[in-house]
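> This is my_file_12.pdb, which holds PDB, C-alpha atoms:
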ATOM      1  CA  MET A 234      34.375  35.961 -18.255
ATOM      2  CA  THR A 235      37.915  34.601 -18.253
ATOM      3  CA  LEU A 236      38.897  31.149 -19.504
ATOM      4  CA  GLY A 237      39.520  29.968 -15.943
ATOM      5  CA  GLN A 238      36.145  31.219 -14.742
ATOM      6  CA  LYS A 239      34.448  29.541 -17.669
ATOM      7  CA  ILE A 240      36.114  26.194 -16.954
ATOM      8  CA  ARG A 241      35.240  26.404 -13.251
ATOM      9  CA  GLN A 242      31.596  27.347 -13.792
ATOM     10  CA  THR A 243      31.130  24.644 -16.406
ATOM     11  CA  ARG A 244      32.729  22.079 -14.092
ATOM     12  CA  LEU A 245      30.377  23.048 -11.268
ATOM     13  CA  ALA A 246      27.418  22.929 -13.612
ATOM     14  CA  ARG A 247      28.400  19.369 -14.541
ATOM     15  CA  GLY A 248      28.723  18.430 -10.858
ATOM     16  CA  LEU A 249      32.403  17.466 -11.207
ATOM     17  CA  THR A 250      35.169  17.845  -8.623
ATOM     18  CA  GLN A 251      38.573  19.203  -9.633
ATOM     19  CA  THR A 252      40.056  15.727  -9.262
ATOM     20  CA  GLU A 253      37.420  14.217 -11.551
ATOM     21  CA  LEU A 254      37.935  16.868 -14.218
ATOM     22  CA  ALA A 255      41.722  16.660 -14.051
ATOM     23  CA  GLY A 256      41.579  12.916 -14.635
ATOM     24  CA  GLY A 257      44.967  11.450 -15.483
ATOM     25  CA  GLN A 258      45.919  14.278 -17.829
ATOM     26  CA  ILE A 259      46.897  16.996 -15.330
ATOM     27  CA  THR A 260      47.167  17.380 -11.559
ATOM     28  CA  ARG A 261      44.390  18.850  -9.450
ATOM     29  CA  ASN A 262      46.784  21.634  -8.411
ATOM     30  CA  MET A 263      47.402  22.565 -12.050
ATOM     31  CA  LEU A 264      43.655  22.631 -12.717
ATOM     32  CA  SER A 265      43.175  24.906  -9.709
ATOM     33  CA  GLN A 266      45.764  27.313 -11.135
ATOM     34  CA  ILE A 267      44.025  27.254 -14.528
ATOM     35  CA  GLU A 268      40.630  27.971 -12.953
ATOM     36  CA  HIS A 269      42.086  30.932 -11.070
ATOM     37  CA  ASP A 270      43.841  32.189 -14.240
ATOM     38  CA  ALA A 271      47.247  31.677 -12.625
ATOM     39  CA  ALA A 272      48.265  29.334 -15.472
ATOM     40  CA  GLN A 273      47.311  28.883 -19.116
ATOM     41  CA  PRO A 274      46.493  25.387 -20.394
ATOM     42  CA  SER A 275      48.250  23.929 -23.405
ATOM     43  CA  MET A 276      46.069  23.063 -26.387
ATOM     44  CA  ARG A 277      46.281  19.398 -25.482
ATOM     45  CA  THR A 278      45.152  20.155 -21.929
ATOM     46  CA  LEU A 279      42.360  22.402 -23.195
ATOM     47  CA  GLU A 280      41.075  19.640 -25.479
ATOM     48  CA  HIS A 281      41.164  17.194 -22.558
ATOM     49  CA  LEU A 282      39.162  19.579 -20.361
ATOM     50  CA  ALA A 283      36.668  20.251 -23.140
ATOM     51  CA  ALA A 284      36.141  16.518 -23.673
ATOM     52  CA  MET A 285      35.623  15.939 -19.945
ATOM     53  CA  LEU A 286      33.158  18.851 -19.795
ATOM     54  CA  ASN A 287      31.396  17.694 -22.978
ATOM     55  CA  VAL A 288      31.898  21.049 -24.742
ATOM     56  CA  ASP A 289      33.968  22.270 -27.677
ATOM     57  CA  ALA A 290      37.436  23.622 -26.983
ATOM     58  CA  GLY A 291      36.536  26.569 -29.213
ATOM     59  CA  TRP A 292      33.593  27.399 -26.957
ATOM     60  CA  LEU A 293      35.890  27.556 -23.946
ATOM     61  CA  LEU A 294      38.194  29.958 -25.783
ATOM     62  CA  SER A 295      35.375  32.045 -27.179
ATOM     63  CA  GLY A 296      34.498  35.314 -25.521
ATOM     64  CA  ALA A 297      30.817  34.542 -26.022
ATOM     65  CA  ASP A 298      29.466  32.499 -23.135
ATOM     66  CA  GLY A 299      25.912  31.828 -24.190
ATOM     67  CA  GLY A 300      24.355  34.856 -22.561
ATOM     68  CA  GLY A 301      26.465  35.245 -19.406
ATOM     69  CA  ALA A 302      24.132  35.450 -16.402
ATOM     70  CA  GLU A 303      21.290  33.838 -18.332
ATOM     71  CA  ASP A 304      23.502  30.886 -19.242
ATOM     72  CA  ARG A 305      24.529  30.460 -15.613
ATOM     73  CA  LEU A 306      20.883  30.619 -14.524
ATOM     74  CA  ALA A 307      19.980  27.931 -17.048
ATOM     75  CA  ARG A 308      22.729  25.688 -15.644
ATOM     76  CA  ALA A 309      21.513  26.348 -12.101
ATOM     77  CA  ARG A 310      17.983  25.318 -13.089
ATOM     78  CA  ALA A 311      19.319  22.090 -14.565
ATOM     79  CA  LEU A 312      21.381  21.310 -11.443
ATOM     80  CA  LEU A 313      18.398  21.934  -9.168
ATOM     81  CA  ARG A 314      16.230  19.683 -11.343
ATOM     82  CA  GLU A 315      18.873  16.938 -11.161
ATOM     83  CA  GLY A 316      19.170  17.200  -7.379
ATOM     84  CA  LYS A 317      22.798  18.398  -7.447
ATOM     85  CA  TRP A 318      22.318  20.764  -4.518
ATOM     86  CA  ARG A 319      26.001  21.399  -3.762
ATOM     87  CA  ALA A 320      26.949  22.234  -7.352
ATOM     88  CA  CYS A 321      23.882  24.457  -7.693
ATOM     89  CA  TRP A 322      24.720  26.345  -4.496
ATOM     90  CA  GLU A 323      28.382  26.813  -5.430
ATOM     91  CA  LEU A 324      27.437  28.078  -8.876
ATOM     92  CA  LEU A 325      25.295  30.953  -7.566
ATOM     93  CA  HIS A 326      26.136  31.791  -3.964
ATOM     94  CA  GLU A 327      29.226  33.951  -4.577
ATOM     95  CA  ASP A 328      27.007  36.554  -6.269
ATOM     96  CA  ALA A 329      24.059  36.114  -3.909
ATOM     97  CA  ALA A 330      24.158  39.780  -2.859
ATOM     98  CA  GLN A 331      23.285  40.833  -6.433
ATOM     99  CA  ALA A 332      21.078  37.824  -7.245
ATOM    100  CA  GLY A 333      17.763  38.271  -9.010
ATOM    101  CA  ASP A 334      14.463  36.793  -7.885
ATOM    102  CA  GLU A 335      14.815  33.450  -9.665
ATOM    103  CA  GLU A 336      18.414  33.045  -8.521
ATOM    104  CA  LEU A 337      17.309  33.711  -4.934
ATOM    105  CA  LEU A 338      14.571  31.130  -5.317
ATOM    106  CA  ILE A 339      17.041  28.511  -6.559
ATOM    107  CA  LEU A 340      19.612  29.412  -3.901
ATOM    108  CA  SER A 341      17.111  29.111  -1.073
ATOM    109  CA  ARG A 342      15.944  25.661  -2.222
ATOM    110  CA  ALA A 343      19.456  24.322  -2.772
ATOM    111  CA  ALA A 344      20.684  25.676   0.587
ATOM    112  CA  MET A 345      17.741  24.161   2.448
ATOM    113  CA  ARG A 346      18.342  20.737   0.902
ATOM    114  CA  LEU A 347      22.013  20.934   1.858
ATOM    115  CA  ALA A 348      21.092  22.034   5.385
ATOM    116  CA  TRP A 349      18.987  18.922   5.951
ATOM    117  CA  GLU A 350      21.782  16.733   4.592
ATOM    118  CA  HIS A 351      24.193  18.272   7.122
ATOM    119  CA  LEU A 352      21.675  17.807   9.940
ATOM    120  CA  ASN A 353      21.278  14.117   9.081
ATOM    121  CA  ARG A 354      25.080  13.768   9.242
ATOM    122  CA  GLU A 355      25.078  15.472  12.682
ATOM    123  CA  GLU A 356      26.963  18.479  11.283
ATOM    124  CA  PHE A 357      24.816  20.894  13.238
ATOM    125  CA  ASP A 358      26.762  24.146  12.783
ATOM    126  CA  ALA A 359      26.871  23.743   8.987
ATOM    127  CA  ALA A 360      23.187  22.813   8.941
ATOM    128  CA  LEU A 361      22.255  25.900  10.948
ATOM    129  CA  ALA A 362      24.372  28.245   8.813
ATOM    130  CA  LEU A 363      22.893  26.946   5.555
ATOM    131  CA  SER A 364      19.336  27.087   6.882
ATOM    132  CA  GLN A 365      19.860  30.734   7.850
ATOM    133  CA  GLN A 366      21.230  31.509   4.386
ATOM    134  CA  ALA A 367      18.279  29.703   2.822
ATOM    135  CA  ALA A 368      15.842  31.767   4.874
ATOM    136  CA  ASP A 369      17.688  34.998   4.003
ATOM    137  CA  CYS A 370      17.665  34.281   0.255
ATOM    138  CA  ASP A 371      13.995  33.315   0.409
ATOM    139  CA  ALA A 372      13.001  36.458   2.333
ATOM    140  CA  ARG A 373      14.769  38.737  -0.167
ATOM    141  CA  GLY A 374      13.109  37.276  -3.231
ATOM    142  CA  LEU A 375       9.800  37.852  -4.947
ATOM    143  CA  TYR A 376       8.851  34.185  -4.480
ATOM    144  CA  SER A 377       9.229  34.057  -0.693
ATOM    145  CA  ASP A 378       7.668  30.873   0.695
ATOM    146  CA  PRO A 379       6.374  30.583   4.291
ATOM    147  CA  ALA A 380       6.897  26.805   4.128
ATOM    148  CA  LEU A 381      10.628  27.278   3.562
ATOM    149  CA  GLN A 382      10.843  29.770   6.424
ATOM    150  CA  ALA A 383       9.105  27.196   8.617
ATOM    151  CA  ALA A 384      11.523  24.486   7.498
ATOM    152  CA  ALA A 385      14.490  26.731   8.343
ATOM    153  CA  LEU A 386      13.140  27.438  11.830
ATOM    154  CA  GLU A 387      12.386  23.748  12.369
ATOM    155  CA  LEU A 388      15.919  22.802  11.432
ATOM    156  CA  ALA A 389      17.351  25.500  13.715
ATOM    157  CA  ALA A 390      15.260  24.189  16.603
ATOM    158  CA  ARG A 391      16.354  20.598  15.961
ATOM    159  CA  ALA A 392      20.027  21.583  15.745
ATOM    160  CA  ALA A 393      19.804  23.661  18.929
ATOM    161  CA  LEU A 394      18.112  20.843  20.834
ATOM    162  CA  ALA A 395      20.644  18.308  19.590
ATOM    163  CA  GLN A 396      23.508  20.529  20.788
ATOM    164  CA  ARG A 397      21.603  21.867  23.806
ATOM    165  CA  GLN A 398      22.474  25.413  22.793
ATOM    166  CA  ASP A 399      19.959  28.294  22.518
ATOM    167  CA  ALA A 400      17.131  25.751  22.688
ATOM    168  CA  ASP A 401      14.749  28.252  24.323
ATOM    169  CA  VAL A 402      15.338  30.899  21.647
ATOM    170  CA  GLN A 403      15.056  28.538  18.685
ATOM    171  CA  ALA A 404      12.031  26.658  20.012
ATOM    172  CA  GLU A 405      10.214  29.928  20.735
ATOM    173  CA  ALA A 406      10.982  31.263  17.245
ATOM    174  CA  TYR A 407       9.626  28.068  15.731
ATOM    175  CA  ARG A 408       6.543  28.207  17.986
ATOM    176  CA  ARG A 409       5.746  31.811  16.981
ATOM    177  CA  GLN A 410       6.106  30.992  13.316
ATOM    178  CA  HIS A 411       3.944  27.901  13.661
ATOM    179  CA  LEU A 412       1.102  29.773  15.364
ATOM    180  CA  GLN A 413       0.718  31.794  12.168
ATOM    181  CA  GLN A 414       0.125  28.655  10.110
ATOM    182  CA  GLN A 415      -1.951  25.487  10.217
ATOM    183  CA  ALA A 416      -0.814  22.914  12.793
ATOM    184  CA  GLN A 417       1.420  20.181  11.412
ATOM    185  CA  ALA A 418       2.876  16.964  12.795
ATOM    186  CA  ARG A 419       6.442  18.262  12.497
ATOM    187  CA  TYR A 420       5.645  21.155  14.842
ATOM    188  CA  HIS A 421       4.220  18.888  17.546
ATOM    189  CA  LEU A 422       7.206  16.538  17.323
ATOM    190  CA  VAL A 423       9.689  19.383  17.780
ATOM    191  CA  MET A 424       7.699  20.869  20.682
ATOM    192  CA  ALA A 425       7.364  17.442  22.316
ATOM    193  CA  ARG A 426      11.127  17.113  22.054
ATOM    194  CA  TYR A 427      11.516  20.574  23.631
ATOM    195  CA  HIS A 428       9.224  19.762  26.572
ATOM    196  CA  LEU A 429      11.062  16.496  27.166
ATOM    197  CA  ALA A 430      14.318  18.440  27.361
ATOM    198  CA  GLN A 431      12.665  20.710  29.958
ATOM    199  CA  GLU A 432      11.364  17.686  31.949
ATOM    200  CA  HIS A 433       7.758  18.741  31.235
ATOM    201  CA  ILE A 434       6.485  15.231  30.579
ATOM    202  CA  GLN A 435       2.762  16.035  30.532
ATOM    203  CA  ALA A 436       3.316  18.884  28.073
ATOM    204  CA  ALA A 437       5.365  16.591  25.838
ATOM    205  CA  GLU A 438       2.622  13.967  25.955
ATOM    206  CA  LYS A 439       0.017  16.601  25.075
ATOM    207  CA  GLU A 440       1.993  17.576  21.966
ATOM    208  CA  ILE A 441       2.167  13.935  20.862
ATOM    209  CA  TRP A 442      -1.580  13.466  21.311
ATOM    210  CA  SER A 443      -2.220  16.663  19.328
ATOM    211  CA  ILE A 444      -1.029  14.969  16.123
ATOM    212  CA  SER A 445      -4.116  14.156  14.078
ATOM    213  CA  GLU A 446      -2.390  13.009  10.884
ATOM    214  CA  LEU A 447       1.025  11.375  10.935
ATOM    215  CA  PRO A 448       3.005  11.231   7.657
ATOM    216  CA  GLU A 449       4.771   7.913   7.160
ATOM    217  CA  ALA A 450       8.136   9.694   6.983
ATOM    218  CA  LEU A 451       7.700  10.862  10.609
ATOM    219  CA  GLN A 452       6.557   7.549  12.063
ATOM    220  CA  ALA A 453       9.975   6.562  13.444
ATOM    221  CA  GLU A 454      10.404   9.839  15.319
ATOM    222  CA  TYR A 455       6.833   9.714  16.625
ATOM    223  CA  LEU A 456       7.357   6.224  18.076
ATOM    224  CA  LEU A 457      10.757   7.232  19.445
ATOM    225  CA  LEU A 458       9.260  10.168  21.348
ATOM    226  CA  ARG A 459       6.423   8.033  22.691
ATOM    227  CA  GLY A 460       9.055   5.623  23.911
ATOM    228  CA  ARG A 461      11.030   8.405  25.578
ATOM    229  CA  ILE A 462       7.889   9.674  27.316
ATOM    230  CA  ALA A 463       7.107   6.162  28.579
ATOM    231  CA  LEU A 464      10.691   5.924  29.877
ATOM    232  CA  ARG A 465      10.298   9.146  31.845
ATOM    233  CA  LYS A 466       7.058   7.788  33.291
ATOM    234  CA  GLU A 467       8.901   4.566  34.236
ATOM    235  CA  GLN A 468       6.607   2.506  32.038
ATOM    236  CA  PHE A 469       9.477   0.392  30.792
ATOM    237  CA  GLU A 470       7.538  -2.348  29.003
ATOM    238  CA  ASN A 471       5.570   0.235  27.001
ATOM    239  CA  ALA A 472       8.768   2.163  26.334
ATOM    240  CA  LEU A 473      10.474  -0.944  24.967
ATOM    241  CA  LEU A 474       7.507  -1.673  22.694
ATOM    242  CA  TYR A 475       7.453   1.844  21.211
ATOM    243  CA  LEU A 476      11.216   1.989  20.772
ATOM    244  CA  GLN A 477      11.389  -1.407  19.081
ATOM    245  CA  GLN A 478       8.587  -0.356  16.727
ATOM    246  CA  ALA A 479      10.553   2.798  15.920
ATOM    247  CA  GLU A 480      13.625   0.679  15.175
ATOM    248  CA  GLN A 481      11.627  -1.635  12.907
ATOM    249  CA  SER A 482       9.915   1.195  11.007
ATOM    250  CA  GLY A 483      13.212   2.126   9.302
ATOM    251  CA  GLY A 484      14.070   5.356   7.511
ATOM    252  CA  ALA A 485      15.555   7.115  10.558
ATOM    253  CA  SER A 486      18.474   9.493   9.995
ATOM    254  CA  ARG A 487      21.749   9.019  11.841
ATOM    255  CA  TYR A 488      21.056  11.561  14.549
ATOM    256  CA  LEU A 489      17.636   9.974  15.237
ATOM    257  CA  LEU A 490      19.213   6.506  15.307
ATOM    258  CA  ARG A 491      21.709   7.698  17.916
ATOM    259  CA  GLU A 492      18.862   8.985  20.082
ATOM    260  CA  LEU A 493      16.900   5.769  19.532
ATOM    261  CA  TYR A 494      19.818   3.513  20.491
ATOM    262  CA  ALA A 495      20.552   5.622  23.583
ATOM    263  CA  SER A 496      16.905   5.312  24.663
ATOM    264  CA  LEU A 497      16.925   1.564  24.032
ATOM    265  CA  GLU A 498      20.135   1.236  26.046
ATOM    266  CA  GLN A 499      18.529   3.083  28.954
ATOM    267  CA  CYS A 500      15.374   0.983  28.695
ATOM    268  CA  CYS A 501      17.371  -2.248  28.738
ATOM    269  CA  ARG A 502      19.326  -1.119  31.803
ATOM    270  CA  GLU A 503      16.124  -0.286  33.659
ATOM    271  CA  ARG A 504      14.840  -3.782  32.845
ATOM    272  CA  GLU A 505      18.215  -5.259  33.901
ATOM    273  CA  ASP A 506      18.775  -6.575  30.387
ATOM    274  CA  PHE A 507      22.481  -5.783  30.409
ATOM    275  CA  ARG A 508      23.243  -7.768  27.256
ATOM    276  CA  GLY A 509      20.711  -5.669  25.353
ATOM    277  CA  ALA A 510      22.126  -2.490  26.918
ATOM    278  CA  TYR A 511      25.610  -3.445  25.753
ATOM    279  CA  GLU A 512      24.314  -4.167  22.217
ATOM    280  CA  TYR A 513      22.702  -0.740  21.874
ATOM    281  CA  ALA A 514      25.717   1.020  23.373
ATOM    282  CA  THR A 515      27.819  -0.726  20.716
ATOM    283  CA  ARG A 516      25.453   0.416  17.975
ATOM    284  CA  GLN A 517      25.876   4.018  19.112
ATOM    285  CA  ARG A 518      29.649   3.721  18.755
ATOM    286  CA  GLU A 519      29.264   2.110  15.323
ATOM    287  CA  LEU A 520      27.394   5.199  14.099
ATOM    288  CA  ASP A 521      30.628   7.184  14.400
ATOM    289  CA  ASN A 522      32.138   5.009  11.646
ATOM    290  CA  LEU A 523      29.320   5.567   9.158
TER     291      LEU A 523
END
Mind turning this structure into structure tokens?

Amino acid sequence: MTLGQKIRQTRLARGLTQTELAGGQITRNMLSQIEHDAAQPSMRTLEHLAAMLNVDAGWLLSGADGGGAEDRLARARALLREGKWRACWELLHEDAAQAGDEELLILSRAAMRLAWEHLNREEFDAALALSQQAADCDARGLYSDPALQAAALELAARAALAQRQDADVQAEAYRRQHLQQQAQARYHLVMARYHLAQEHIQAAEKEIWSISELPEALQAEYLLLRGRIALRKEQFENALLYLQQAEQSGGASRYLLRELYASLEQCCREREDFRGAYEYATRQRELDNL
């Protein structure tokens, strides 16, 4: 391992950006050149980098790197434990094609966490790509987990429905996978969303009523979908009640909030509450600034 590679991998393991590591001692561009072995640091710069990385300058210069792949795996474990999904993914994904079973396990978990973060920020293409990579890493490893495969298919279905692209394909893939496992609330919520998109209101309602146990984390989406169903059935007072309860329950991600505010705007218009409609239209625009 070269000096530049060692600095870069240690930086990623510490969860630092190039700007953070450079500090006021050197420029980010100079650090990038050092990490790519296009420039050699002075001793003063090396000592600065070592101090920022909390290692000895001699260790950075040493050819011994604490066991090579094993040292990198230990750092990846630590990053996963600390919830530093991005740093963990960047540390291992370049060598994913040759990754061992534990590396594949770590990669799949980190990628799936990142995928959900992208979905919640409405970055649907990035979310879908990472979920597919998570599923691929999981399937290749010894510790393949059906729950992760289900989570990847759920995310793909949600992203497709949000973008209205390949919704039939993704929903069917999720349905087939679900039929092989015990029914869960998440499945019924996604399928209710799918049937609503297809204007199959009774089928959507059936999915909602099929939920026997509702985790608290899914309460907002459950109430939102009940409100949307009531809207389609022109039961506007019931719709308003469900949607307001969803708003009050809290914990909704940005893309769910956008859907909730749009539904509340529609409900207010149907009730000729134009001030309320304007308020919820404004809230939708405010989400773009978050």
> Check the smallest atom-to-atom distance from each of A:Gly509, A:Leu313, A:Ala463, A:Arg426 to A:Ala400 using only C-alpha atoms, then report the winner.
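When distances to A:Ala400 are compared using only C-alpha atoms, the smallest one comes from A:Arg426.
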> At a cut-off of 9 Å, using all atoms listed in the file, what residues contact A:Ala344? Leave out same-chain residues fewer than 5 positions from it and give the result as an MDAnalysis selection string.
chainID A and resid 318:319 321:322 339 349 363:368
> Given the file shown, enumerate the residues that the PyMOL selection byres ((chain A and resi 449) around 12) captures and present them as a VMD selection string.
chain A and resid 418 to 419 446 to 448 450 to 456 479 482 to 485
> Take the PyMOL selection byres ((chain A and resi 423) around 8), apply it to the structure above, and return the hits as a ChimeraX atom specification.
/A:387,390-391,404,419-422,424-427
> May I have the selected residues written with C-alpha atoms, as an mmCIF file, keeping the file's coordinate frame?

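out_0.cif written:
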data_model
loop_
_atom_site.group_PDB
_atom_site.id
_atom_site.type_symbol
_atom_site.label_atom_id
_atom_site.label_comp_id
_atom_site.auth_asym_id
_atom_site.auth_seq_id
_atom_site.Cartn_x
_atom_site.Cartn_y
_atom_site.Cartn_z
ATOM 1 C CA GLU A 387 12.386 23.748 12.369
ATOM 2 C CA ALA A 390 15.260 24.189 16.603
ATOM 3 C CA ARG A 391 16.354 20.598 15.961
ATOM 4 C CA ALA A 404 12.031 26.658 20.012
ATOM 5 C CA ARG A 419 6.442 18.262 12.497
ATOM 6 C CA TYR A 420 5.645 21.155 14.842
ATOM 7 C CA HIS A 421 4.220 18.888 17.546
ATOM 8 C CA LEU A 422 7.206 16.538 17.323
ATOM 9 C CA MET A 424 7.699 20.869 20.682
ATOM 10 C CA ALA A 425 7.364 17.442 22.316
ATOM 11 C CA ARG A 426 11.127 17.113 22.054
ATOM 12 C CA TYR A 427 11.516 20.574 23.631
#
> Near A:Arg310, counting all atoms listed in the file, which residues have an atom at most 12 Å away, once you skip same-chain residues fewer than 2 positions from it, shown as a PDB file with C-alpha atoms, keeping the file's coordinate frame?

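File written: out38.pdb
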ATOM      1  CA  ALA A 246      27.418  22.929 -13.612  1.00  0.00           C
ATOM      2  CA  GLU A 303      21.290  33.838 -18.332  1.00  0.00           C
ATOM      3  CA  ASP A 304      23.502  30.886 -19.242  1.00  0.00           C
ATOM      4  CA  ARG A 305      24.529  30.460 -15.613  1.00  0.00           C
ATOM      5  CA  LEU A 306      20.883  30.619 -14.524  1.00  0.00           C
ATOM      6  CA  ALA A 307      19.980  27.931 -17.048  1.00  0.00           C
ATOM      7  CA  ARG A 308      22.729  25.688 -15.644  1.00  0.00           C
ATOM      8  CA  LEU A 312      21.381  21.310 -11.443  1.00  0.00           C
ATOM      9  CA  LEU A 313      18.398  21.934  -9.168  1.00  0.00           C
ATOM     10  CA  ARG A 314      16.230  19.683 -11.343  1.00  0.00           C
ATOM     11  CA  GLU A 315      18.873  16.938 -11.161  1.00  0.00           C
ATOM     12  CA  GLY A 316      19.170  17.200  -7.379  1.00  0.00           C
ATOM     13  CA  LYS A 317      22.798  18.398  -7.447  1.00  0.00           C
ATOM     14  CA  TRP A 318      22.318  20.764  -4.518  1.00  0.00           C
ATOM     15  CA  ALA A 320      26.949  22.234  -7.352  1.00  0.00           C
ATOM     16  CA  CYS A 321      23.882  24.457  -7.693  1.00  0.00           C
ATOM     17  CA  TRP A 322      24.720  26.345  -4.496  1.00  0.00           C
ATOM     18  CA  LEU A 324      27.437  28.078  -8.876  1.00  0.00           C
ATOM     19  CA  LEU A 325      25.295  30.953  -7.566  1.00  0.00           C
ATOM     20  CA  GLU A 335      14.815  33.450  -9.665  1.00  0.00           C
ATOM     21  CA  GLU A 336      18.414  33.045  -8.521  1.00  0.00           C
ATOM     22  CA  LEU A 337      17.309  33.711  -4.934  1.00  0.00           C
ATOM     23  CA  LEU A 338      14.571  31.130  -5.317  1.00  0.00           C
ATOM     24  CA  ILE A 339      17.041  28.511  -6.559  1.00  0.00           C
ATOM     25  CA  LEU A 340      19.612  29.412  -3.901  1.00  0.00           C
ATOM     26  CA  ARG A 342      15.944  25.661  -2.222  1.00  0.00           C
ATOM     27  CA  ALA A 343      19.456  24.322  -2.772  1.00  0.00           C
TER      28      ALA A 343
END
> To one decimal place in Å, what is the distance between atom CA of A:Gln517 and atom CA of A:Leu386?
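A separation of 27.6 Å between them.
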> Out of A:Asn522, A:Gln478, A:Ile462, A:Ala472, which residue has the shortest atom-to-atom distance to A:Glu503 when counting all atoms listed in the file?
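Looking at the shortest contact to A:Glu503, the residue is A:Ala472.
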> Quick one, how far is atom CA of A:Arg504 from atom CA of A:Asn471?
11.7 Å
> Please measure the separation of atom CA of A:Arg465 and atom CA of A:Glu356, giving the value in Å to one decimal.
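Computing it gives 28.1 Å between the two atoms.
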> With distances taken over only C-alpha atoms, which of A:Leu520, A:Ala272, A:Cys500, A:Ala383 is nearest to A:Lys466?
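Nearest to A:Lys466: A:Cys500.
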